Amino acid sequence: MPITLTPTTMAFSDDEEPLQISYGRDILVVDDHQTNLIAIEAALAPLGRKLVLAHSGVEALGRLLEQDFALIILDVAMPGMDGFETAKLVRSRERNRATPIIFITGLSWENDAVLRGYELGAFDFLMKPIRPEVLRAKATVFVQLQERTIELAIKADELRQAQARVYERELQAQRRRFEAEVMERQMHALADTDRRKDEFLAILAHELRNPLQPLQTAIEVLEHDPDKPVQPRIRKIVQRQVQHITRLVDDLLDVSRFTAGKLELRLEPIDLDGIVDEAVGSCRTAIDARRHSLEVTAYDAPAFVNGDPVRLVQCVCNLINNAAKYTEPGGTLNIDWGTLHKEGFVRITDNGRGIPVDLLPKIFDMFVQERVTPDGAGGLGLGLGLVKRLIELHGGTVSAVSEGKGKGATFELRLPLIDEATLAKLRPVRAKTGPLDRPLRAVVCDDAPDLRDLVADLLRLRGHEVSVVGDGPAAIELIVAERPDVALIDIGLPDMDGYEVARSIRRQLTDHKPRLIAMTGYGQASDRAAAFEAGFDAHIVKPASADKILRALYGTEEA
């Protein structure tokens, strides 16, 4: 700590707490006899110090409040407050605890009096009559001793300050080293992220070109002989590639939603049997294309969990496709599911390429593409990351195990089971209901001509009577005039959006309520809520399958 010498300086005790030491140039002389004061003043004159004279202990204490002193010469036998009492009060004041005190007395000293004097902080005793040279010598010693003490305190303070500066420099150096290390790690992380981003964009371009090329070729084949019926093989190719593009877009949207904290689940009680069955059906084409054998085994079924069916199917599909993709043609896939330790599990095992040991800890990170082959096979590096995050949102876990390259891999997801008591209180498991066959009068409103006409053609092929419009005002006019059974309305219309169209129709058609279906590319919970608030009866997200559109017509779409 710093020591300020103005006029009081600071010293330090052994416990590092600061003590204030009285340090002044003057000497305080306290005696109730004026003659004694004059004698002492004459004796100390050669020291060149100013003497401050006090005639009582009370006056001495008042002087101490005004200034500090280098030495106190204190008579013991004074009326009222004697020297001992005065010394005791002097010592009770923190800043004067170390000020030298010389007691002067004309009485003979007893051992107990001497002991009491030393206990009160006396530095020395002088008997009257005082020899001037002795008083002068003792005063000189004590004043010099105090000056040496102050010098040592100053040196100690300088040393402490120097040590503090050294410590501060070392601390700053360590801070700079730490900041440099953090900056270096951040730069490496940014460089790695940038590398992954470039790889991701390159793979994305490749993944999008893959389905676009067969679609382009299929269109050219159809244009070559437009009157010829579409071959089933070409139809399947188009369907498969459209599904592939849809999957890519869905994965990208899911990553964006999760990053923004907007990915929401629609939970309901569901049996893992249905999840596995639907996922296997969705992945059957990929499995058969690589000629894999597949075995599905259930353990301790049923396994009811509280989950989002669409998202759980997405997760299991991702793991199955992952296994099929990284297993050489003609491989073996095993899917086990059931209950284990009050959890539902789905386990996918393959005998494929396996996972390198150093890759296992980060296999579920986003944009991890170390398994991508030079031809781009391996996807965008999004799937496993999405699986992990979706399963965690369900309160579950997902893990990967592999003995190394070429030794296959096992992926397992686990979810909390619904106990029987809770399951009984929940709404029943969703049942599948097919669309009705009753023909309807429908209106399709979309500003995209291709989409509008194709949806209309789809409905006409199912026996429905369809009218089409391209903007909101035209849709309102047509629907109010013709009063159709159902209307499919795009939300992102020019001039007047679909929400306002729905509100206007509900205001004008008070005696007739056509079923209004919102068709939009926005699929967040807030978008659904906005659609229902505006008066829509259903909300479907583009791109929507024919089955989903047809279910929406009759209100049998998935909840």
# chains A, B, ... in the order shown; residues from 1 in each chain; ligands from 1
$ residues_around --residues "Phe69 in chain A" --least-positions-apart "3" --cutoff "12 Å" --atoms "only C-alpha atoms" --output "count of residues only"
37
$ residues_around --residues "Leu145 in chain A" --least-positions-apart "6" --cutoff "10 Å" --atoms "only C-alpha atoms" --output "list in words"
Ala70, Pro100, Ala139 and Glu151 of chain A
$ write_last_selection --atoms "C-alpha atoms" --output "PDB file, in the first residue's frame"
ATOM      1  CA  ALA A  70       8.312  13.660  16.481  1.00  0.00           C
ATOM      2  CA  PRO A 100       7.963   8.153  21.186  1.00  0.00           C
ATOM      3  CA  ALA A 139      15.615  13.079  22.487  1.00  0.00           C
ATOM      4  CA  GLU A 151      12.795   5.897   6.089  1.00  0.00           C
TER       5      GLU A 151
END
$ atom_distance --atom1 "CA of Gly383 in chain A" --atom2 "CA of Asp350 in chain A"
17.2 Å
$ closest_residue --among "A:Tyr522, A:Phe411, A:Trp337, A:Phe125" --to "Asn318 in chain A" --atoms "only C-alpha atoms"
A:Phe411
$ atom_distance --atom1 "CA of Leu212 in chain A" --atom2 "CA of Gly352 in chain A"
28.3 Å
$ residues_around --residues "range 36-38 of chain A" --least-positions-apart "5" --cutoff "9 Å" --atoms "only C-alpha atoms" --output "ChimeraX atom specification"
/A:29-31,43,53-55
$ write_last_selection --atoms "C-alpha atoms" --output "PDB file, in the first residue's frame"
ATOM      1  CA  VAL A  29       6.556  19.084  25.970  1.00  0.00           C
ATOM      2  CA  VAL A  30       3.886  18.627  28.659  1.00  0.00           C
ATOM      3  CA  ASP A  31       4.422  19.878  32.217  1.00  0.00           C
ATOM      4  CA  ALA A  43      18.022  21.959  26.863  1.00  0.00           C
ATOM      5  CA  LEU A  53       4.465  23.580  25.131  1.00  0.00           C
ATOM      6  CA  ALA A  54       1.407  22.281  26.997  1.00  0.00           C
ATOM      7  CA  HIS A  55       0.573  22.800  30.693  1.00  0.00           C
TER       8      HIS A  55
END
$ residues_around --residues "Val316 in chain A" --least-positions-apart "3" --cutoff "7 Å" --atoms "only C-alpha atoms" --output "JSON, numbers by chain"
{"A": [276, 279, 312, 313, 319, 320]}
$ select_by_dssp --residues "range 27-82 of chain A" --states "helix (DSSP H, G or I)" --output "VMD selection string"
chain A and resid 34 to 47 57 to 66
$ residues_around --residues "Lys542 in chain A" --least-positions-apart "6" --cutoff "8 Å" --atoms "only C-alpha atoms" --output "list in words"
Met519, Thr520, Gly521 and Tyr522 of chain A
$ write_last_selection --atoms "all heavy atoms" --output "PDB file, in the first residue's frame"
ATOM      1  N   MET A 519     -52.207 -22.074 -48.011  1.00  0.00           N
ATOM      2  CA  MET A 519     -51.044 -22.742 -48.606  1.00  0.00           C
ATOM      3  C   MET A 519     -49.891 -21.743 -48.584  1.00  0.00           C
ATOM      4  O   MET A 519     -49.972 -20.663 -49.159  1.00  0.00           O
ATOM      5  CB  MET A 519     -51.339 -23.174 -50.041  1.00  0.00           C
ATOM      6  CG  MET A 519     -52.369 -24.277 -50.155  1.00  0.00           C
ATOM      7  SD  MET A 519     -52.552 -24.869 -51.868  1.00  0.00           S
ATOM      8  CE  MET A 519     -50.909 -25.514 -52.183  1.00  0.00           C
ATOM      9  N   THR A 520     -48.799 -22.102 -47.893  1.00  0.00           N
ATOM     10  CA  THR A 520     -47.722 -21.131 -47.692  1.00  0.00           C
ATOM     11  C   THR A 520     -46.392 -21.843 -47.514  1.00  0.00           C
ATOM     12  O   THR A 520     -46.344 -23.037 -47.190  1.00  0.00           O
ATOM     13  CB  THR A 520     -48.012 -20.263 -46.450  1.00  0.00           C
ATOM     14  OG1 THR A 520     -46.905 -19.388 -46.205  1.00  0.00           O
ATOM     15  CG2 THR A 520     -48.222 -21.135 -45.221  1.00  0.00           C
ATOM     16  N   GLY A 521     -45.335 -21.091 -47.734  1.00  0.00           N
ATOM     17  CA  GLY A 521     -43.992 -21.617 -47.481  1.00  0.00           C
ATOM     18  C   GLY A 521     -43.539 -21.399 -46.060  1.00  0.00           C
ATOM     19  O   GLY A 521     -42.445 -21.824 -45.668  1.00  0.00           O
ATOM     20  N   TYR A 522     -44.363 -20.720 -45.249  1.00  0.00           N
ATOM     21  CA  TYR A 522     -44.011 -20.450 -43.854  1.00  0.00           C
ATOM     22  C   TYR A 522     -44.741 -21.447 -42.957  1.00  0.00           C
ATOM     23  O   TYR A 522     -45.969 -21.526 -42.973  1.00  0.00           O
ATOM     24  CB  TYR A 522     -44.399 -19.027 -43.468  1.00  0.00           C
ATOM     25  CG  TYR A 522     -43.676 -17.978 -44.284  1.00  0.00           C
ATOM     26  CD1 TYR A 522     -44.311 -17.363 -45.361  1.00  0.00           C
ATOM     27  CD2 TYR A 522     -42.356 -17.640 -43.994  1.00  0.00           C
ATOM     28  CE1 TYR A 522     -43.647 -16.422 -46.127  1.00  0.00           C
ATOM     29  CE2 TYR A 522     -41.689 -16.694 -44.767  1.00  0.00           C
ATOM     30  CZ  TYR A 522     -42.338 -16.088 -45.826  1.00  0.00           C
ATOM     31  OH  TYR A 522     -41.686 -15.170 -46.581  1.00  0.00           O
TER      32      TYR A 522
END
$ residues_around --residues "Asn322 in chain A" --least-positions-apart "5" --cutoff "9 Å" --atoms "only C-alpha atoms" --output "PyMOL selection string"
chain A and resi 317+327+378+383-384
$ residues_around --residues "range 457-460 of chain A" --least-positions-apart "4" --cutoff "9 Å" --atoms "only C-alpha atoms" --output "PyMOL selection string"
chain A and resi 442+452-453+464-466+546+549-550
$ write_last_selection --atoms "N, CA, C and O atoms" --output "short mmCIF file (atom, residue, chain, number, x, y, z; two decimals), in the first residue's frame"
data_model
loop_
_atom_site.label_atom_id
_atom_site.label_comp_id
_atom_site.auth_asym_id
_atom_site.auth_seq_id
_atom_site.Cartn_x
_atom_site.Cartn_y
_atom_site.Cartn_z
N ALA A 442 -64.21 -26.24 -55.84
CA ALA A 442 -63.02 -25.66 -55.21
C ALA A 442 -62.52 -24.46 -55.99
O ALA A 442 -62.73 -24.34 -57.20
N ARG A 452 -50.38 -22.97 -59.36
CA ARG A 452 -51.84 -22.83 -59.35
C ARG A 452 -52.49 -23.84 -60.30
O ARG A 452 -53.43 -24.55 -59.94
N ASP A 453 -51.94 -23.94 -61.51
CA ASP A 453 -52.53 -24.83 -62.51
C ASP A 453 -52.32 -26.30 -62.16
O ASP A 453 -53.21 -27.14 -62.38
N HIS A 464 -62.94 -33.24 -58.79
CA HIS A 464 -63.45 -31.99 -58.22
C HIS A 464 -63.59 -30.93 -59.31
O HIS A 464 -62.87 -30.92 -60.31
N GLU A 465 -64.53 -30.01 -59.10
CA GLU A 465 -64.73 -28.88 -60.00
C GLU A 465 -63.91 -27.70 -59.48
O GLU A 465 -64.07 -27.28 -58.33
N VAL A 466 -63.01 -27.17 -60.31
CA VAL A 466 -62.02 -26.22 -59.83
C VAL A 466 -62.03 -24.94 -60.66
O VAL A 466 -62.08 -24.99 -61.90
N ALA A 546 -49.59 -34.62 -52.64
CA ALA A 546 -50.98 -34.71 -53.08
C ALA A 546 -51.87 -35.25 -51.96
O ALA A 546 -53.00 -34.77 -51.77
N ILE A 549 -52.67 -32.44 -49.54
CA ILE A 549 -53.63 -31.47 -50.10
C ILE A 549 -55.04 -32.06 -50.09
O ILE A 549 -56.02 -31.40 -49.70
N LEU A 550 -55.15 -33.33 -50.49
CA LEU A 550 -56.47 -33.97 -50.55
C LEU A 550 -57.06 -34.16 -49.17
O LEU A 550 -58.28 -34.00 -48.98
#
